[in-house]
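J.: This one is structure_23.txt, compact mmCIF, C-alpha atoms.
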```txt
# COMPACT_ATOMS: atom_id res chain seq x y z
CA MET T 859 31.18 -14.00 14.29
CA LEU T 860 31.02 -10.21 13.97
CA GLN T 861 30.09 -10.48 10.31
CA VAL T 862 27.28 -12.92 11.14
CA ALA T 863 25.99 -10.63 13.89
CA ASN T 864 25.99 -7.65 11.52
CA SER T 865 24.14 -9.66 8.87
CA GLN T 866 21.50 -10.71 11.40
CA ARG T 867 21.06 -7.10 12.54
CA LEU T 868 20.71 -5.91 8.94
CA TRP T 869 18.13 -8.63 8.33
CA ALA T 870 16.22 -7.49 11.42
CA TYR T 871 16.00 -3.91 10.15
CA LEU T 872 14.88 -5.18 6.74
CA GLN T 873 12.12 -7.11 8.53
CA LEU T 874 10.96 -3.86 10.13
CA MET T 875 10.49 -2.34 6.65
CA ARG T 876 8.18 -5.17 5.47
CA PRO T 877 9.54 -5.30 1.89
CA ALA T 878 6.55 -7.28 0.56
CA ASN T 879 4.25 -4.43 1.57
CA ILE T 880 6.48 -1.80 -0.04
CA VAL T 881 5.97 -3.54 -3.39
CA THR T 882 2.21 -3.00 -2.98
CA ALA T 883 2.93 0.71 -2.55
CA TRP T 884 4.75 0.71 -5.90
CA ALA T 885 1.51 -0.55 -7.43
CA ASP T 886 -0.28 2.52 -6.01
CA ILE T 887 2.16 4.79 -7.79
CA LEU T 888 1.89 2.89 -11.08
CA LEU T 889 -1.90 3.17 -10.93
CA GLY T 890 -1.72 6.89 -10.20
CA PHE T 891 0.73 7.32 -13.04
CA ALA T 892 -1.74 5.67 -15.43
CA ALA T 893 -4.69 7.66 -14.11
CA SER T 894 -2.75 10.90 -14.59
CA GLY T 895 -2.60 10.29 -18.34
CA ALA T 896 1.19 10.11 -18.36
CA VAL T 897 1.11 6.65 -19.94
CA LEU T 898 -1.04 7.87 -22.82
CA ILE T 899 1.28 10.83 -23.33
CA GLN T 900 4.21 8.43 -23.73
CA ASN T 901 2.32 6.39 -26.31
CA GLN T 902 1.76 9.42 -28.51
CA VAL T 903 4.21 10.82 -31.06
CA VAL T 904 5.75 13.52 -28.88
CA PRO T 905 9.31 14.71 -28.33
CA GLY T 906 11.39 12.14 -26.46
CA GLN T 907 12.18 14.71 -23.80
CA VAL T 908 8.55 14.63 -22.59
CA SER T 909 8.54 10.83 -22.39
CA LEU T 910 11.85 10.82 -20.54
CA ALA T 911 10.60 13.46 -18.12
CA ASN T 912 7.59 11.30 -17.29
CA LEU T 913 9.75 8.24 -16.72
CA VAL T 914 12.12 10.19 -14.48
CA ALA T 915 9.15 11.49 -12.50
CA LEU T 916 7.89 7.93 -12.11
CA ALA T 917 11.27 6.76 -10.83
CA TRP T 918 11.37 9.54 -8.21
CA LEU T 919 7.82 8.75 -7.10
CA LEU T 920 8.63 5.04 -6.74
CA LEU T 921 11.60 5.96 -4.57
CA ALA T 922 9.40 8.36 -2.60
CA THR T 923 6.79 5.72 -1.80
CA THR T 924 9.53 3.26 -0.83
CA GLY T 925 10.74 5.72 1.79
CA LEU T 926 7.28 6.73 2.96
CA TYR T 927 5.85 3.24 3.30
CA GLY T 928 9.06 1.77 4.68
CA GLY T 929 9.36 4.56 7.24
CA GLY T 930 5.71 4.25 8.20
CA VAL T 931 5.86 0.52 8.96
CA VAL T 932 9.16 0.89 10.83
CA PHE T 933 7.50 3.42 13.13
CA ASN T 934 4.65 0.95 13.58
CA ASP T 935 7.08 -1.32 15.40
CA VAL T 936 8.66 1.60 17.26
CA PHE T 937 5.34 2.68 18.75
CA ASP T 938 4.23 -0.93 19.38
CA ALA T 939 7.45 -2.11 21.06
CA GLU T 940 5.83 -2.64 24.49
CA VAL T 941 2.76 -4.36 23.05
CA ASP T 942 4.89 -6.57 20.79
CA ALA T 943 7.01 -7.59 23.79
CA LYS T 944 3.89 -9.34 25.12
CA GLU T 945 2.04 -10.35 21.96
CA ARG T 946 4.82 -10.77 19.35
CA PRO T 947 8.12 -11.27 21.17
CA GLU T 948 9.65 -12.65 17.97
CA ARG T 949 9.49 -9.22 16.28
CA PRO T 950 12.90 -7.51 15.73
CA ILE T 951 12.68 -4.92 18.53
CA PRO T 952 11.34 -7.03 21.44
CA SER T 953 13.64 -9.91 20.47
CA GLY T 954 16.63 -7.57 20.73
CA ARG T 955 17.72 -8.10 17.14
CA ALA T 956 17.04 -4.40 16.45
CA SER T 957 17.07 -1.50 18.88
CA ARG T 958 14.19 0.91 19.31
CA GLN T 959 16.56 3.85 18.86
CA GLY T 960 18.02 2.36 15.69
CA ALA T 961 14.53 1.75 14.33
CA THR T 962 13.59 5.36 15.10
CA TRP T 963 16.59 6.61 13.13
CA LEU T 964 15.83 4.27 10.26
CA GLY T 965 12.15 5.26 10.12
CA SER T 966 13.02 8.96 10.23
CA LEU T 967 15.61 8.59 7.46
CA LEU T 968 13.16 6.72 5.25
CA LEU T 969 10.43 9.34 5.67
CA VAL T 970 12.89 12.13 4.84
CA VAL T 971 14.04 10.24 1.75
CA GLY T 972 10.41 9.89 0.72
CA VAL T 973 9.69 13.63 0.93
CA VAL T 974 12.98 14.66 -0.70
CA ALA T 975 12.48 12.21 -3.58
CA ALA T 976 8.95 13.53 -4.16
CA SER T 977 10.26 17.10 -4.20
CA GLN T 978 12.30 16.20 -7.29
CA VAL T 979 8.99 15.90 -9.17
CA SER T 980 7.20 19.00 -7.89
CA TRP T 981 6.36 20.93 -4.75
CA LEU T 982 2.87 19.47 -4.97
CA SER T 983 4.36 15.97 -4.87
CA ALA T 984 6.53 16.96 -1.91
CA THR T 985 3.50 18.36 -0.08
CA LEU T 986 1.56 15.16 -0.67
CA ALA T 987 4.54 13.09 0.52
CA ALA T 988 4.82 15.17 3.70
CA ALA T 989 1.09 14.74 4.32
CA ILE T 990 1.43 10.96 3.90
CA ALA T 991 4.34 10.89 6.36
CA ILE T 992 2.34 12.85 8.93
CA ALA T 993 -0.72 10.62 8.42
CA ALA T 994 1.43 7.52 8.92
CA LEU T 995 2.91 8.88 12.16
CA LEU T 996 -0.55 9.86 13.42
CA TYR T 997 -1.83 6.38 12.69
CA ASN T 998 1.05 4.71 14.52
CA ALA T 999 0.89 7.04 17.52
CA PHE T 1000 -2.88 7.44 17.93
CA GLY T 1001 -5.08 6.27 15.05
CA LYS T 1002 -4.58 2.51 15.31
CA ARG T 1003 -6.19 2.53 18.77
CA HIS T 1004 -9.47 3.97 17.46
CA PRO T 1005 -11.93 1.42 16.01
CA VAL T 1006 -13.27 3.79 13.32
CA LEU T 1007 -10.73 6.56 12.79
CA GLY T 1008 -7.86 4.07 12.75
CA PRO T 1009 -8.92 2.18 9.60
CA LEU T 1010 -9.86 5.46 7.92
CA ASN T 1011 -6.48 6.92 8.86
CA MET T 1012 -4.68 3.98 7.26
CA GLY T 1013 -6.92 4.23 4.21
CA VAL T 1014 -6.00 7.90 3.85
CA CYS T 1015 -2.32 6.92 3.81
CA ARG T 1016 -2.91 4.58 0.86
CA GLY T 1017 -5.23 7.02 -0.88
CA GLY T 1018 -2.55 9.69 -0.52
CA ASN T 1019 -0.05 7.30 -2.05
CA LEU T 1020 -2.28 6.90 -5.11
CA LEU T 1021 -2.61 10.68 -5.32
CA LEU T 1022 1.18 10.91 -5.17
CA GLY T 1023 1.33 8.79 -8.32
CA ILE T 1024 -1.24 11.03 -10.03
CA SER T 1025 0.93 14.06 -9.18
CA ALA T 1026 3.27 13.00 -12.01
CA VAL T 1027 0.94 15.28 -13.97
CA GLN T 1028 0.10 18.04 -11.50
CA ALA T 1029 -3.03 19.28 -13.25
CA MET T 1030 -4.67 15.85 -12.88
CA VAL T 1031 -4.54 15.79 -9.08
CA GLU T 1032 -7.56 18.04 -8.75
CA GLU T 1033 -9.42 16.18 -11.50
CA ARG T 1034 -8.77 12.62 -10.32
CA TRP T 1035 -8.69 12.99 -6.51
CA PHE T 1036 -11.88 10.91 -6.17
CA LEU T 1037 -9.96 7.77 -7.15
CA THR T 1038 -8.42 7.83 -3.67
CA LEU T 1039 -11.79 6.73 -2.28
CA ILE T 1040 -11.18 3.23 -3.70
CA PRO T 1041 -8.00 2.43 -1.71
CA ILE T 1042 -9.36 4.33 1.31
CA ALA T 1043 -12.41 2.05 1.46
CA TYR T 1044 -10.43 -1.10 0.70
CA ILE T 1045 -7.60 -0.52 3.18
CA ALA T 1046 -10.09 0.59 5.82
CA ALA T 1047 -11.74 -2.83 5.40
CA VAL T 1048 -8.44 -4.72 5.69
CA THR T 1049 -7.29 -2.62 8.66
CA ALA T 1050 -10.58 -3.14 10.48
CA ILE T 1051 -10.32 -6.92 10.41
CA SER T 1052 -6.59 -6.85 11.22
CA ARG T 1053 -7.50 -5.92 14.80
CA GLY T 1054 -8.32 -9.57 15.38
CA GLU T 1055 -4.90 -10.92 14.37
CA VAL T 1056 -3.83 -11.63 17.96
CA ASP T 1057 -6.97 -12.49 19.93
CA GLY T 1058 -9.39 -13.25 17.10
CA GLY T 1059 -12.02 -10.97 15.61
CA LYS T 1060 -15.75 -10.59 15.26
CA ALA T 1061 -17.62 -12.10 12.33
CA SER T 1062 -19.65 -8.88 12.07
CA THR T 1063 -16.46 -6.88 11.47
CA VAL T 1064 -15.40 -9.19 8.66
CA VAL T 1065 -18.88 -9.00 7.15
CA ALA T 1066 -18.65 -5.20 7.17
CA ALA T 1067 -15.24 -5.50 5.51
CA LEU T 1068 -16.75 -7.78 2.85
CA LEU T 1069 -19.43 -5.18 2.13
CA LEU T 1070 -16.70 -2.56 1.66
CA VAL T 1071 -14.86 -4.87 -0.73
CA GLY T 1072 -18.09 -5.32 -2.67
CA ALA T 1073 -18.51 -1.56 -2.85
CA VAL T 1074 -14.95 -1.23 -4.13
CA MET T 1075 -15.61 -3.74 -6.91
CA GLY T 1076 -18.79 -1.87 -7.84
CA ALA T 1077 -16.87 1.42 -7.94
CA ILE T 1078 -14.30 -0.09 -10.31
CA LEU T 1079 -17.05 -1.07 -12.73
CA ALA T 1080 -18.66 2.36 -12.37
CA LEU T 1081 -15.46 4.02 -13.60
CA GLU T 1082 -16.72 3.09 -17.07
CA LEU T 1083 -18.62 6.38 -16.82
CA LEU T 1084 -15.31 8.21 -17.27
CA GLN T 1085 -14.51 9.16 -20.84
CA ASP T 1086 -10.96 7.79 -20.81
CA TYR T 1087 -11.66 4.57 -18.87
CA GLN T 1088 -12.54 1.21 -20.45
CA VAL T 1089 -13.94 -1.46 -18.17
CA LEU T 1090 -13.43 -4.39 -20.57
CA PRO T 1091 -9.62 -4.69 -20.05
CA ALA T 1092 -10.25 -4.50 -16.30
CA LEU T 1093 -12.69 -7.43 -16.12
CA PRO T 1094 -10.09 -10.27 -15.97
CA PHE T 1095 -8.39 -8.46 -13.11
CA VAL T 1096 -11.71 -8.00 -11.28
CA ALA T 1097 -12.23 -11.78 -11.46
CA LEU T 1098 -8.72 -12.46 -10.15
CA PHE T 1099 -9.19 -9.92 -7.35
CA ALA T 1100 -12.43 -11.61 -6.25
CA LEU T 1101 -10.79 -15.04 -6.40
CA LEU T 1102 -7.92 -13.96 -4.15
CA VAL T 1103 -9.83 -11.88 -1.61
CA LEU T 1104 -13.28 -13.40 -1.14
CA PRO T 1105 -12.35 -16.98 -0.07
CA PRO T 1106 -10.10 -15.98 2.88
CA PHE T 1107 -12.54 -13.25 3.92
CA LEU T 1108 -15.46 -15.71 3.88
CA THR T 1109 -13.37 -18.21 5.85
CA ALA T 1110 -12.71 -15.51 8.45
CA VAL T 1111 -16.45 -14.85 8.69
CA ARG T 1112 -17.14 -18.51 9.46
CA GLN T 1113 -14.19 -18.84 11.82
CA PRO T 1114 -12.80 -15.47 13.04
CA SER T 1115 -9.80 -17.04 14.81
CA PRO T 1116 -6.39 -15.31 14.83
CA ASP T 1117 -4.92 -17.55 12.12
CA LYS T 1118 -7.92 -17.09 9.80
CA ILE T 1119 -7.89 -13.35 10.41
CA GLN T 1120 -4.16 -13.21 9.65
CA GLY T 1121 -4.76 -15.14 6.43
CA ALA T 1122 -7.49 -12.71 5.38
CA VAL T 1123 -5.30 -9.69 6.17
CA LYS T 1124 -2.33 -11.12 4.28
CA ALA T 1125 -4.53 -11.84 1.26
CA GLY T 1126 -6.03 -8.36 1.53
CA VAL T 1127 -2.66 -6.62 1.59
CA LEU T 1128 -1.15 -8.57 -1.30
CA SER T 1129 -4.35 -8.29 -3.36
CA LEU T 1130 -3.97 -4.52 -3.29
CA ILE T 1131 -1.60 -5.07 -6.22
CA VAL T 1132 -4.39 -6.82 -8.13
CA LEU T 1133 -6.79 -4.00 -7.25
CA ASN T 1134 -4.33 -1.44 -8.61
CA ALA T 1135 -3.73 -3.53 -11.73
CA THR T 1136 -7.49 -3.68 -12.29
CA VAL T 1137 -7.99 0.06 -12.33
CA ALA T 1138 -4.70 0.68 -14.18
CA ALA T 1139 -5.83 -1.65 -16.99
CA GLY T 1140 -8.97 0.43 -17.40
CA PHE T 1141 -6.96 3.62 -17.80
CA ALA T 1142 -3.94 2.40 -19.76
CA GLY T 1143 -4.90 -0.94 -21.31
CA LEU T 1144 -4.33 -4.63 -20.67
CA PRO T 1145 -0.51 -4.63 -21.13
CA TYR T 1146 -0.07 -1.91 -18.52
CA GLY T 1147 -2.38 -3.78 -16.16
CA LEU T 1148 -0.23 -6.89 -16.60
CA LEU T 1149 2.84 -4.79 -15.84
CA VAL T 1150 1.35 -3.75 -12.51
CA LEU T 1151 0.19 -7.32 -11.83
CA SER T 1152 3.76 -8.58 -12.36
CA LEU T 1153 4.57 -7.06 -8.98
CA LEU T 1154 2.34 -9.66 -7.29
CA PRO T 1155 4.64 -12.71 -7.57
CA PHE T 1156 7.56 -10.55 -6.47
CA SER T 1157 5.61 -9.42 -3.42
CA MET T 1158 4.47 -12.98 -2.67
CA VAL T 1159 8.06 -14.24 -2.69
CA LEU T 1160 9.05 -11.47 -0.30
CA ALA T 1161 6.04 -12.33 1.87
CA GLN T 1162 7.56 -15.77 2.41
CA LEU T 1163 10.71 -14.14 3.79
CA PHE T 1164 9.30 -11.14 5.66
CA ALA T 1165 6.20 -10.54 7.76
CA VAL T 1166 3.30 -8.81 6.03
CA THR T 1167 1.07 -8.20 9.07
```
Show me, as structure tokens, the structure contained in the file I just sent.

T.:
Amino acid sequence: MLQVANSQRLWAYLQLMRPANIVTAWADILLGFAASGAVLIQNQVVPGQVSLANLVALAWLLLATTGLYGGGVVFNDVFDAEVDAKERPERPIPSGRASRQGATWLGSLLLVVGVVAASQVSWLSATLAAAIAIAALLYNAFGKRHPVLGPLNMGVCRGGNLLLGISAVQAMVEERWFLTLIPIAYIAAVTAISRGEVDGGKASTVVAALLLVGAVMGAILALELLQDYQVLPALPFVALFALLVLPPFLTAVRQPSPDKIQGAVKAGVLSLIVLNATVAAGFAGLPYGLLVLSLLPFSMVLAQLFAVT
């Protein structure tokens, strides 16, 4: 009986971390890694030590984002414990399967792991990781309650995560910072419509989100203006992205009920992997884009076991 109880408690804390969402954060890092030029460096005839150093940096950054994203979503439940007790009593904390104090310790540990792991790459990476952790806490404590600043705050967290991936090559952070505008706009759109998950949303909000998604797709095509970006390998991913995101968003416009909104949000979160694969393919080629896209089925399987929204 004790072993069963411990297993159920462990499962509850895993639920708090939303593993399916963490996989989408890995895709941010892989995109940033490609945009930094590190992938091209590894494909050149250079000493193996350089290639190994890049791979080690990537591993540390993947661990960092696991801690940062996991810690951020755990604190989401910590700050929302009272609200969830009324609206989502099945969640781990209000159901009693996980304690609020235990979740606080877990979230804190994960955020610390995220910053420490990033520090193994560079102090710039550590600074970015610390900024992401602070932004996540601000969102959970204050930002989510603001109709405009909240979605932007969440978008900044994801944009910072992309920048963390770019920091694998420090010099590229200043040159490629503008790429963060893509996930900022996209996640702001998804976060905006997520406000209707419980009571339903407004069709106008979903329409605004659709316009942001359209702007994101236009920005991806406009990256062709960059000297080291090729839009042709990205086109199949753009089509897949549109196929996954647009139908549930359009359904939510026609019927902004809680279940349709939840479906749109779930599709939006998981499709972030496709968005990252799209841009990554433009920077590093079709095979690398497929590598990033391979995270999607993994995330979808986890989404069947753990909550995404």

J.: What's around Gly1008 of chain T at 7 Å? Count all atoms listed in the file, leave out sequence neighbours fewer than 6 positions away in its own chain, and write the answer as JSON, numbers by chain.

T.: {"T": [997, 1001, 1002]}

J.: When you count all atoms listed in the file, which of these residues is closest to Asp1086 of chain T: T:Phe1141, T:Phe1156, T:Phe891, T:Phe1099?

T.: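 The shortest atom-to-atom distance to Asp1086 of chain T comes from T:Phe1141.
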
J.: When you look at Leu889 of chain T with a cut-off of 9 Å (counting only C-alpha atoms), what residues show up, excluding the ones that are within fewer than 6 positions of it in the same chain? I need them as a list of chain:residue names.

T.: T:Leu1020, T:Gly1023, T:Ile1024, T:Asn1134, T:Ala1135, T:Thr1136, T:Val1137, T:Ala1138, T:Ala1139, T:Phe1141, T:Gly1147, T:Val1150

J.: Pick the closest to Tyr1146 of chain T from T:Val1074, T:Ala1092, T:Cys1015, T:Leu874: which is it, counting all atoms listed in the file?

T.: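 The closest residue to Tyr1146 of chain T is T:Ala1092.
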
J.: Could you pull the residues within 6 Å of Arg955 of chain T, counting all atoms listed in the file, minus those fewer than 3 positions along the same chain, as number ranges by chain?

T.: T: 867, 870, 950

J.: Take the residues just selected and output them with C-alpha atoms as a PDB file, keeping the file's coordinate frame.

T.:
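For reference, out-v6.pdb as written:
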```
ATOM      1  CA  ARG T 867      21.060  -7.100  12.540  1.00  0.00           C
ATOM      2  CA  ALA T 870      16.220  -7.490  11.420  1.00  0.00           C
ATOM      3  CA  PRO T 950      12.900  -7.510  15.730  1.00  0.00           C
TER       4      PRO T 950
END
```

J.: Using all atoms listed in the file, determine which residues lie at most 10 Å from Thr1109 of chain T, disregarding the query and same-chain residues fewer than 4 positions distant; provide the list as a list in words.

T.: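 The contact residues come out as Ala1061, Val1064, Leu1104, Pro1105, Gln1113, Pro1114, Ser1115, Lys1118, Ile1119, Gly1121 and Ala1122 of chain T.
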
J.: Interatomic distance between atom CA of Phe1036 of chain T and atom CA of Ser1062 of chain T?

T.: 28.0 Å

J.: From the set T:Leu1083, T:Leu986, T:Val979, T:Ala1046, which residue has the shortest atom-to-atom contact distance to Leu1010 of chain T, counting all atoms listed in the file?

T.: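 The shortest atom-to-atom distance to Leu1010 of chain T comes from T:Ala1046.
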
J.: From the set T:Gly960, T:Val931, T:Tyr871, T:Ala976, which residue has the shortest atom-to-atom contact distance to Leu916 of chain T, counting all atoms listed in the file?

T.: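 Nearest to Leu916 of chain T: T:Ala976.
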
J.: Which value, in Å to one decimal, gives the distance between atom CA of Trp963 of chain T and atom CA of Phe933 of chain T?

T.: 9.6 Å

J.: For atom CA of Leu1163 of chain T and atom CA of Glu945 of chain T, quote the distance in Å rounded to one decimal.

T.: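 If I compute the distance from atom CA of Leu1163 of chain T to atom CA of Glu945 of chain T, I get 20.5 Å.
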
J.: May I ask which of the residues T:Leu1098, T:Leu1007, T:Leu1084, T:Ala939 is the closest one to Leu1037 of chain T, counting only C-alpha atoms?

T.: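 For Leu1037 of chain T, the nearest of the given residues is T:Leu1084.
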
J.: If you count all atoms listed in the file, which residues fall within 12 Å of Ala956 of chain T, apart from same-chain ones fewer than 4 positions away, as a list in words?

T.: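 Within the cut-off, the hits are Ala863, Asn864, Ser865, Gln866, Arg867, Leu868, Trp869, Ala870, Tyr871, Leu872, Gln873, Leu874, Met875, Val932, Asp935, Val936, Ala939, Glu948, Arg949, Pro950, Ile951, Pro952, Gly960, Ala961, Thr962, Trp963 and Leu964 of chain T.
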
J.: Kindly export the residues of the current selection with C-alpha atoms, as a CSV table (one decimal), in the frame of the given file.

T.:
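Written output follows (part-v4.csv):
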```csv
chain,number,residue,atom,x,y,z
T,863,ALA,CA,26.0,-10.6,13.9
T,864,ASN,CA,26.0,-7.6,11.5
T,865,SER,CA,24.1,-9.7,8.9
T,866,GLN,CA,21.5,-10.7,11.4
T,867,ARG,CA,21.1,-7.1,12.5
T,868,LEU,CA,20.7,-5.9,8.9
T,869,TRP,CA,18.1,-8.6,8.3
T,870,ALA,CA,16.2,-7.5,11.4
T,871,TYR,CA,16.0,-3.9,10.2
T,872,LEU,CA,14.9,-5.2,6.7
T,873,GLN,CA,12.1,-7.1,8.5
T,874,LEU,CA,11.0,-3.9,10.1
T,875,MET,CA,10.5,-2.3,6.6
T,932,VAL,CA,9.2,0.9,10.8
T,935,ASP,CA,7.1,-1.3,15.4
T,936,VAL,CA,8.7,1.6,17.3
T,939,ALA,CA,7.4,-2.1,21.1
T,948,GLU,CA,9.6,-12.6,18.0
T,949,ARG,CA,9.5,-9.2,16.3
T,950,PRO,CA,12.9,-7.5,15.7
T,951,ILE,CA,12.7,-4.9,18.5
T,952,PRO,CA,11.3,-7.0,21.4
T,960,GLY,CA,18.0,2.4,15.7
T,961,ALA,CA,14.5,1.8,14.3
T,962,THR,CA,13.6,5.4,15.1
T,963,TRP,CA,16.6,6.6,13.1
T,964,LEU,CA,15.8,4.3,10.3
```

J.: Around all the atoms of segment 1007-1010 of chain T listed in the file, draw an axis-aligned box and extend it by 4 Å on each of the six sides; I want its centre and edge lengths in Å to one decimal, as AutoDock Vina command-line options.

T.:
```
--center_x -9.3 --center_y 4.4 --center_z 10.4 --size_x 10.9 --size_y 12.4 --size_z 12.9
```

J.: I need the residue nearest Glu1033 of chain T from this list: T:Val1127, T:Val973, T:Ala893, T:Leu920. Use all atoms listed in the file for the distance.

T.: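 The closest residue to Glu1033 of chain T is T:Ala893.
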
J.: Could you check which residues have any atom within 9 Å of (-10.8, -8.6, -9.6), counting only C-alpha atoms with coordinates taken straight from the file, and then list them as an mmCIF file with C-alpha atoms, in the frame of the given file?

T.:
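The file below, selection34.cif, is the result:
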```cif
data_model
loop_
_atom_site.group_PDB
_atom_site.id
_atom_site.type_symbol
_atom_site.label_atom_id
_atom_site.label_comp_id
_atom_site.auth_asym_id
_atom_site.auth_seq_id
_atom_site.Cartn_x
_atom_site.Cartn_y
_atom_site.Cartn_z
ATOM 1 C CA MET T 1075 -15.610 -3.740 -6.910
ATOM 2 C CA ALA T 1092 -10.250 -4.500 -16.300
ATOM 3 C CA LEU T 1093 -12.690 -7.430 -16.120
ATOM 4 C CA PRO T 1094 -10.090 -10.270 -15.970
ATOM 5 C CA PHE T 1095 -8.390 -8.460 -13.110
ATOM 6 C CA VAL T 1096 -11.710 -8.000 -11.280
ATOM 7 C CA ALA T 1097 -12.230 -11.780 -11.460
ATOM 8 C CA LEU T 1098 -8.720 -12.460 -10.150
ATOM 9 C CA PHE T 1099 -9.190 -9.920 -7.350
ATOM 10 C CA ALA T 1100 -12.430 -11.610 -6.250
ATOM 11 C CA LEU T 1101 -10.790 -15.040 -6.400
ATOM 12 C CA LEU T 1102 -7.920 -13.960 -4.150
ATOM 13 C CA VAL T 1103 -9.830 -11.880 -1.610
ATOM 14 C CA SER T 1129 -4.350 -8.290 -3.360
ATOM 15 C CA VAL T 1132 -4.390 -6.820 -8.130
ATOM 16 C CA LEU T 1133 -6.790 -4.000 -7.250
ATOM 17 C CA ALA T 1135 -3.730 -3.530 -11.730
ATOM 18 C CA THR T 1136 -7.490 -3.680 -12.290
#
```
